[in-house]
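Chemist: This is model.cif (mmCIF, C-alpha atoms).
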```cif
data_target
#
loop_
_atom_site.label_atom_id
_atom_site.label_comp_id
_atom_site.auth_asym_id
_atom_site.auth_seq_id
_atom_site.Cartn_x
_atom_site.Cartn_y
_atom_site.Cartn_z
CA MET A 133 0.00 0.00 0.00
CA SER A 134 1.46 3.36 -1.02
CA PRO A 135 1.62 6.20 1.52
CA ASN A 136 -1.21 7.94 -0.34
CA GLU A 137 -3.41 4.87 -0.09
CA SER A 138 -3.09 4.80 3.68
CA ASP A 139 -4.11 8.47 3.96
CA PRO A 140 -7.94 8.70 4.28
CA LEU A 141 -7.95 12.22 2.83
CA GLU A 142 -6.11 11.02 -0.27
CA ARG A 143 -8.43 8.01 -0.57
CA TRP A 144 -11.46 10.29 -0.29
CA LYS A 145 -10.09 12.63 -2.98
CA ARG A 146 -9.48 9.68 -5.29
CA GLN A 147 -12.96 8.35 -4.56
CA ARG A 148 -14.53 11.72 -5.40
CA ARG A 149 -12.63 11.83 -8.69
CA GLU A 150 -13.66 8.28 -9.57
CA ASP A 151 -17.28 8.80 -8.53
CA ALA A 152 -17.70 12.00 -10.53
CA PRO A 153 -20.25 11.06 -13.19
CA GLU A 154 -20.06 11.62 -16.92
CA PRO A 155 -22.46 14.07 -18.56
CA PRO A 156 -25.49 12.46 -20.25
CA GLU A 157 -25.07 11.57 -23.92
CA SER A 158 -27.60 14.22 -24.91
CA PHE A 159 -25.69 16.96 -23.08
CA ALA A 160 -24.02 18.62 -26.08
CA THR A 161 -27.23 18.48 -28.13
CA GLU A 162 -29.17 20.10 -25.28
CA VAL A 163 -26.58 22.87 -25.00
CA MET A 164 -26.80 23.55 -28.73
CA GLN A 165 -30.60 23.68 -28.51
CA LEU A 166 -30.27 26.36 -25.83
CA LEU A 167 -28.23 28.40 -28.31
CA ARG A 168 -30.77 27.97 -31.11
CA PRO A 169 -31.89 31.40 -32.34
CA PRO A 170 -35.61 32.17 -32.09
CA GLN A 171 -37.50 30.47 -34.90
CA THR A 172 -38.58 32.83 -37.66
CA ARG A 173 -42.13 32.39 -38.94
CA SER A 174 -42.41 30.16 -41.97
CA TRP A 175 -44.50 31.16 -45.00
CA SER A 176 -47.27 28.79 -43.95
CA ALA A 177 -47.33 30.31 -40.46
CA TRP A 178 -47.46 33.80 -41.93
CA SER A 179 -50.32 32.92 -44.31
CA LEU A 180 -52.27 31.28 -41.48
CA TRP A 181 -51.77 34.37 -39.34
CA LEU A 182 -52.87 36.67 -42.18
CA GLY A 183 -55.93 34.50 -42.89
CA GLN A 184 -57.00 34.63 -39.25
CA ALA A 185 -56.48 38.41 -39.17
CA ALA A 186 -58.56 38.84 -42.35
CA LEU A 187 -61.41 36.73 -40.94
CA PHE A 188 -61.38 38.76 -37.73
CA LEU A 189 -61.50 42.07 -39.63
CA ALA A 190 -64.30 40.78 -41.86
CA ALA A 191 -66.29 39.70 -38.80
CA VAL A 192 -65.80 43.15 -37.23
CA ALA A 193 -66.84 44.87 -40.48
CA ILE A 194 -69.99 42.72 -40.79
CA GLY A 195 -70.85 43.42 -37.18
CA ILE A 196 -70.47 47.19 -37.59
CA THR A 197 -72.50 47.17 -40.84
CA ARG A 198 -75.33 45.17 -39.25
CA THR A 199 -75.41 47.45 -36.22
CA TYR A 200 -75.65 50.58 -38.39
CA ALA A 201 -78.25 48.94 -40.63
CA SER A 202 -80.39 48.03 -37.62
CA LEU A 203 -80.11 51.56 -36.25
CA PHE A 204 -80.96 53.05 -39.67
CA LEU A 205 -84.04 50.82 -40.06
CA LEU A 206 -85.12 51.68 -36.52
CA LEU A 207 -84.80 55.42 -37.16
CA GLU A 208 -86.56 55.16 -40.54
CA SER A 209 -89.54 53.31 -39.07
CA MET B 123 -23.89 31.12 -42.24
CA GLU B 124 -26.93 29.16 -41.12
CA LEU B 125 -26.28 25.62 -40.00
CA SER B 126 -28.72 22.92 -39.07
CA TYR B 127 -28.08 21.18 -35.82
CA GLU B 128 -27.88 17.86 -37.54
CA SER B 129 -25.02 19.19 -39.63
CA THR B 130 -23.08 20.06 -36.49
CA GLN B 131 -22.70 16.36 -35.71
CA PHE B 132 -19.65 16.20 -37.94
CA ALA B 133 -17.82 18.33 -35.42
CA LYS B 134 -17.20 15.15 -33.47
CA PHE B 135 -15.13 13.81 -36.31
CA PRO B 136 -12.38 16.25 -37.28
CA GLY B 137 -11.50 14.33 -40.41
CA THR B 138 -14.95 14.91 -41.85
CA PHE B 139 -15.22 18.70 -41.57
CA PRO B 140 -16.81 19.97 -44.77
CA ALA B 141 -14.92 22.31 -47.07
CA SER B 142 -17.75 24.84 -46.78
CA LEU B 143 -16.53 25.65 -43.29
CA GLY B 144 -13.00 26.27 -44.44
CA TYR B 145 -11.74 22.78 -43.77
CA GLY B 146 -10.25 22.10 -47.17
CA PRO B 147 -8.44 19.01 -48.42
CA VAL B 148 -5.21 20.00 -46.65
CA ASN B 149 -6.88 20.06 -43.26
CA ARG B 150 -8.63 16.77 -43.97
CA MET B 151 -5.24 15.16 -44.34
CA GLU B 152 -4.10 16.47 -40.95
CA SER B 153 -4.66 14.23 -37.98
CA SER B 154 -4.71 17.00 -35.37
CA PRO B 155 -8.09 18.62 -34.72
CA PRO B 156 -8.41 22.42 -34.77
CA ASP B 157 -7.08 24.12 -31.65
CA ASP B 158 -9.27 25.83 -29.07
CA ASN B 159 -8.42 29.35 -30.16
CA SER B 160 -9.37 28.83 -33.80
CA LEU B 161 -12.60 27.08 -32.78
CA ALA B 162 -13.40 29.92 -30.37
CA ALA B 163 -12.72 32.53 -33.05
CA ARG B 164 -15.02 30.78 -35.52
CA ALA B 165 -17.69 30.27 -32.86
CA ALA B 166 -17.48 33.97 -31.97
CA ARG B 167 -18.37 34.71 -35.60
CA GLY B 168 -21.51 32.59 -35.20
CA ASP B 169 -20.18 29.24 -36.42
CA LEU B 170 -22.26 26.84 -34.33
CA ALA B 171 -20.40 23.79 -35.63
CA SER B 172 -17.19 25.12 -34.10
CA PHE B 173 -18.94 25.77 -30.82
CA ARG B 174 -20.37 22.25 -30.91
CA ALA B 175 -16.79 21.00 -31.24
CA ILE B 176 -15.86 23.02 -28.15
CA VAL B 177 -18.81 21.57 -26.21
CA ASP B 178 -17.85 18.04 -27.28
CA ARG B 179 -14.28 18.65 -26.19
CA TYR B 180 -15.00 20.19 -22.79
CA GLN B 181 -18.34 18.78 -21.69
CA THR B 182 -16.81 16.09 -19.48
CA PRO B 183 -14.25 18.24 -17.61
CA ILE B 184 -16.74 21.08 -17.15
CA PHE B 185 -19.52 18.74 -16.00
CA ARG B 186 -17.21 16.97 -13.57
CA MET B 187 -15.94 20.28 -12.24
CA THR B 188 -19.43 21.64 -11.56
CA TYR B 189 -20.32 18.28 -10.00
CA GLN B 190 -17.39 18.55 -7.61
CA PHE B 191 -18.67 21.95 -6.50
CA VAL B 192 -22.34 21.08 -5.99
CA ASN B 193 -22.22 17.27 -5.50
CA ASP B 194 -25.58 16.89 -7.25
CA TYR B 195 -25.96 15.29 -10.68
CA HIS B 196 -28.90 17.31 -11.99
CA LEU B 197 -27.72 20.61 -10.61
CA ALA B 198 -24.27 19.95 -12.08
CA GLN B 199 -25.90 19.29 -15.44
CA ASP B 200 -27.85 22.56 -15.32
CA LEU B 201 -24.76 24.48 -14.27
CA ALA B 202 -22.57 22.92 -16.95
CA GLN B 203 -25.16 23.89 -19.57
CA GLU B 204 -25.20 27.41 -18.16
CA VAL B 205 -21.39 27.52 -18.40
CA PHE B 206 -21.46 26.78 -22.12
CA VAL B 207 -24.31 29.20 -22.80
CA ARG B 208 -22.45 31.95 -20.93
CA ALA B 209 -19.25 31.07 -22.74
CA PHE B 210 -20.98 31.29 -26.11
CA ARG B 211 -22.49 34.68 -25.30
CA ASN B 212 -19.14 36.01 -24.10
CA LEU B 213 -16.86 34.52 -26.75
CA GLY B 214 -16.16 38.02 -28.02
CA LYS B 215 -14.53 38.84 -24.68
CA PHE B 216 -12.09 35.93 -24.84
CA ASP B 217 -8.60 37.16 -25.59
CA PRO B 218 -6.10 34.40 -26.51
CA GLN B 219 -3.26 36.78 -25.60
CA ARG B 220 -4.39 36.80 -21.97
CA GLY B 221 -4.62 33.07 -21.39
CA ASN B 222 -5.74 29.65 -22.52
CA PHE B 223 -9.27 29.04 -23.67
CA SER B 224 -9.60 26.14 -21.22
CA THR B 225 -8.64 28.38 -18.30
CA TRP B 226 -11.18 30.96 -19.45
CA LEU B 227 -13.85 28.26 -19.62
CA TYR B 228 -12.89 26.83 -16.21
CA THR B 229 -13.14 30.33 -14.77
CA ILE B 230 -16.73 30.59 -16.01
CA ALA B 231 -17.43 27.13 -14.55
CA ARG B 232 -15.92 28.10 -11.21
CA ASN B 233 -17.87 31.38 -11.04
CA THR B 234 -21.14 29.77 -12.13
CA SER B 235 -20.76 27.02 -9.53
CA CYS B 236 -19.88 29.42 -6.71
CA THR B 237 -22.83 31.68 -7.57
CA ALA B 238 -25.15 28.66 -7.47
CA LEU B 239 -23.72 27.53 -4.13
CA ARG B 240 -24.34 30.97 -2.63
CA LYS B 241 -28.00 30.64 -3.60
CA ILE B 242 -28.41 27.23 -1.97
CA LYS B 243 -26.30 28.14 1.04
CA PRO B 244 -29.20 27.88 3.56
CA PHE B 245 -29.51 24.18 2.77
CA GLU B 246 -25.82 23.51 2.59
CA ASN B 247 -25.28 23.04 6.31
CA SER B 248 -27.69 20.15 6.33
CA ALA B 249 -25.91 16.96 7.32
CA SER B 250 -28.06 15.06 4.83
CA MET B 251 -26.61 16.84 1.81
CA PRO B 252 -24.27 14.03 0.70
CA GLU B 253 -27.06 11.48 1.07
CA VAL B 254 -29.35 13.59 -1.12
CA ALA B 255 -26.59 13.75 -3.68
CA ASP B 256 -26.11 10.00 -3.51
CA GLU B 257 -29.63 9.37 -4.76
CA THR B 258 -28.87 11.07 -8.05
CA THR B 259 -25.37 9.73 -8.53
CA PRO B 260 -25.08 6.87 -10.98
CA LYS B 261 -22.39 5.05 -9.04
CA SER B 262 -23.55 3.70 -5.76
CA HIS B 263 -21.91 5.14 -2.71
CA ALA B 264 -23.09 2.31 -0.55
CA THR B 265 -19.57 1.27 0.26
CA ARG B 266 -18.40 4.76 1.02
CA HIS B 267 -17.21 5.00 4.54
CA ASP B 268 -18.87 7.33 7.03
CA GLU B 269 -15.73 9.44 7.18
CA PHE B 270 -16.02 10.09 3.44
CA LEU B 271 -19.54 11.44 3.98
CA ARG B 272 -18.30 13.66 6.75
CA LEU B 273 -15.51 14.91 4.49
CA ASP B 274 -18.09 15.64 1.77
CA THR B 275 -20.10 17.70 4.22
CA ALA B 276 -16.98 19.39 5.57
CA LEU B 277 -15.91 20.34 2.05
CA ALA B 278 -19.39 21.71 1.31
CA ASN B 279 -19.17 23.85 4.42
CA LEU B 280 -15.72 25.30 3.72
CA GLU B 281 -15.65 28.99 2.88
CA GLU B 282 -15.78 29.65 -0.85
CA PRO B 283 -12.10 30.57 -1.50
CA PHE B 284 -10.80 27.49 0.35
CA LYS B 285 -13.35 25.14 -1.15
CA SER B 286 -12.75 26.44 -4.66
CA ALA B 287 -8.96 26.23 -4.40
CA PHE B 288 -9.15 22.74 -2.88
CA ILE B 289 -11.51 21.39 -5.53
CA LEU B 290 -9.55 22.82 -8.44
CA ALA B 291 -6.07 21.97 -7.16
CA GLU B 292 -6.59 18.78 -5.16
CA ILE B 293 -9.62 17.04 -6.64
CA GLU B 294 -9.49 18.25 -10.25
CA GLU B 295 -5.68 18.29 -10.03
CA LEU B 296 -5.27 21.40 -12.15
CA PRO B 297 -1.79 22.97 -12.08
CA LEU B 298 -1.44 25.57 -9.31
CA ALA B 299 -0.61 28.29 -11.85
CA GLU B 300 -3.88 27.60 -13.67
CA VAL B 301 -5.85 27.57 -10.41
CA ALA B 302 -4.26 30.91 -9.53
CA GLU B 303 -5.34 32.30 -12.88
CA ILE B 304 -8.89 31.01 -12.44
CA GLU B 305 -9.13 32.44 -8.93
CA GLY B 306 -7.37 35.67 -9.91
CA VAL B 307 -4.84 35.47 -7.07
CA PRO B 308 -1.10 34.67 -6.82
CA VAL B 309 0.08 31.05 -6.72
CA GLY B 310 1.25 31.54 -3.13
CA THR B 311 -2.29 32.42 -2.08
CA ILE B 312 -3.61 29.25 -3.69
CA LYS B 313 -0.98 27.15 -1.88
CA SER B 314 -2.00 28.75 1.38
CA ARG B 315 -5.72 28.22 0.76
CA VAL B 316 -5.22 24.59 -0.21
CA SER B 317 -3.06 24.02 2.83
CA ARG B 318 -5.67 25.54 5.15
CA ALA B 319 -8.47 23.60 3.48
CA LYS B 320 -6.55 20.33 3.99
CA GLU B 321 -5.83 21.28 7.56
CA ARG B 322 -9.54 21.78 8.27
CA LEU B 323 -10.53 18.57 6.52
CA ARG B 324 -7.91 16.62 8.46
CA ARG B 325 -9.28 18.12 11.65
CA ILE B 326 -12.74 16.84 10.70
CA LEU B 327 -11.19 13.49 9.91
CA SER B 328 -9.46 13.31 13.29
CA GLN B 329 -12.80 14.10 14.99
CA THR B 330 -14.31 11.21 13.05
CA THR B 331 -11.66 8.70 14.02
CA ASP B 332 -10.89 10.00 17.49
CA PRO B 333 -13.69 8.93 19.88
CA SER B 334 -12.60 11.55 22.43
#
```
What does this structure look like when you write it as structure tokens?

Modeler:
Amino acid sequence: MSPNESDPLERWKRQRREDAPEPPESFATEVMQLLRPPQTRSWSAWSLWLGQAALFLAAVAIGITRTYASLFLLLES
Amino acid sequence: MELSYESTQFAKFPGTFPASLGYGPVNRMESSPPDDNSLAARAARGDLASFRAIVDRYQTPIFRMTYQFVNDYHLAQDLAQEVFVRAFRNLGKFDPQRGNFSTWLYTIARNTSCTALRKIKPFENSASMPEVADETTPKSHATRHDEFLRLDTALANLEEPFKSAFILAEIEELPLAEVAEIEGVPVGTIKSRVSRAKERLRRILSQTTDPS
């Protein structure tokens, strides 16, 4: 037994070194995902967004028109 | 240059670096992989493949270093990830004239770990800390002697400068000059801190073995 082996402090240090775990296999991939720049909207996402906005505006326009029409008919009668 | 993450996988194999990244036929013939400084310079210009190569190269030492500081597998993993993210964001500040890339990276790891330990300080004095860590450690510590557990706790309770110097110099076995650079103090100060840390740990050890 070497002098270091008989020293509990040295044995503990060696044990800590040996027990230190390896990073998981996915570690590097996870790090790179954290660095991924924010996704830019694809064309399909943009067209979907524009379609939804157009539907909303059309619904608002129809609503306003119907309200005015109702008021106009009410005032006329 | 935009790179897919799948394409960064080649960074693990230096011989297969594509010419589009500047690794022409001459470099393909070379057996030595690109050095840290050239990888860091490319990564600083946004080359994610070069940064992936850095992560592949240093993930184990950085992970093991953070583990030695916090003694908890999952926390060490989070901290090691944070180290690489911080490194990537600060690559522009790395100056090869002032020191090695590895030392710069270890300094970030040391600072990140110490900051995390300050946040969990209220729980650190708990005697159960090593046992909590054991649950998440792949290797079983079942055979670890009680004195080892007491030394783990004693190390966790050392003041930051002593603990840091001891971990880097004695457990990670980094050269004293590199530890001094990481800690930003002279080599003599590191020797003194390590010596005092060992003295305190031996005192704990003597209390363990000495029934009186």

Chemist: Find the residues of chain A in contact range of chain B, meaning any atom within 7 Å when counting only C-alpha atoms, and list them as a list of chain:residue names.

Modeler: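 Filtering chain A at 7 Å from chain B with only C-alpha atoms gives A:Trp144, A:Lys145, A:Arg149, A:Asp151, A:Ala152, A:Pro153, A:Glu154, A:Pro155, A:Ala160, A:Val163, A:Met164, A:Leu167.
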
Chemist: Could you spell out the hits of the PyMOL selection byres ((chain B and resi 213) around 10) on the shown file, as a count of residues only?

Modeler: 21

Chemist: Quote the spacing between atom CA of B:Val316 and atom CA of B:Arg220 in Å to one decimal place.

Modeler: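 Between these atoms lies a distance of 25.0 Å.
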
Chemist: Point out the residue among B:Thr229, B:Lys241, B:Leu277, B:Arg272 with the least atom-to-atom distance to B:Gln329, counting all atoms listed in the file.

Modeler: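 Going through B:Thr229, B:Lys241, B:Leu277, B:Arg272 one by one, the smallest distance to B:Gln329 is for B:Arg272.
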
Chemist: Report, in Å to a single decimal, how far apart atom CA of A:Glu157 and atom CA of B:Asn233 are.

Modeler: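 Interatomic distance here is 24.7 Å.
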
Chemist: If you count only C-alpha atoms, which residues fall within 12 Å of B:Ser317, apart from same-chain ones fewer than 2 positions away, as a PyMOL selection string?

Modeler: chain B and resi 283-285+287-288+291-292+310-315+319-324

Chemist: Quick one: pull the distance between atom CA of A:Arg148 and atom CA of B:Gly306, Å, one decimal.

Modeler: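 About the pair atom CA of A:Arg148 and atom CA of B:Gly306: they are 25.4 Å apart.
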
Chemist: Padding of 6 Å on every side, edges along x, y and z, all listed atoms of stretch 177-184 of chain B included: what centre and edge lengths in Å, to one decimal, does that box have, as lines of an AutoDock Vina configuration file?

Modeler:
```
center_x = -16.5
center_y = 18.8
center_z = -22.2
size_x = 16.6
size_y = 17.5
size_z = 22.1
```

Chemist: Rank B:Asp169, B:Phe191, B:Leu197, B:Ala238 by their smallest atom-to-atom distance to B:Leu290, using all atoms listed in the file, and report the top residue only.

Modeler: B:Phe191
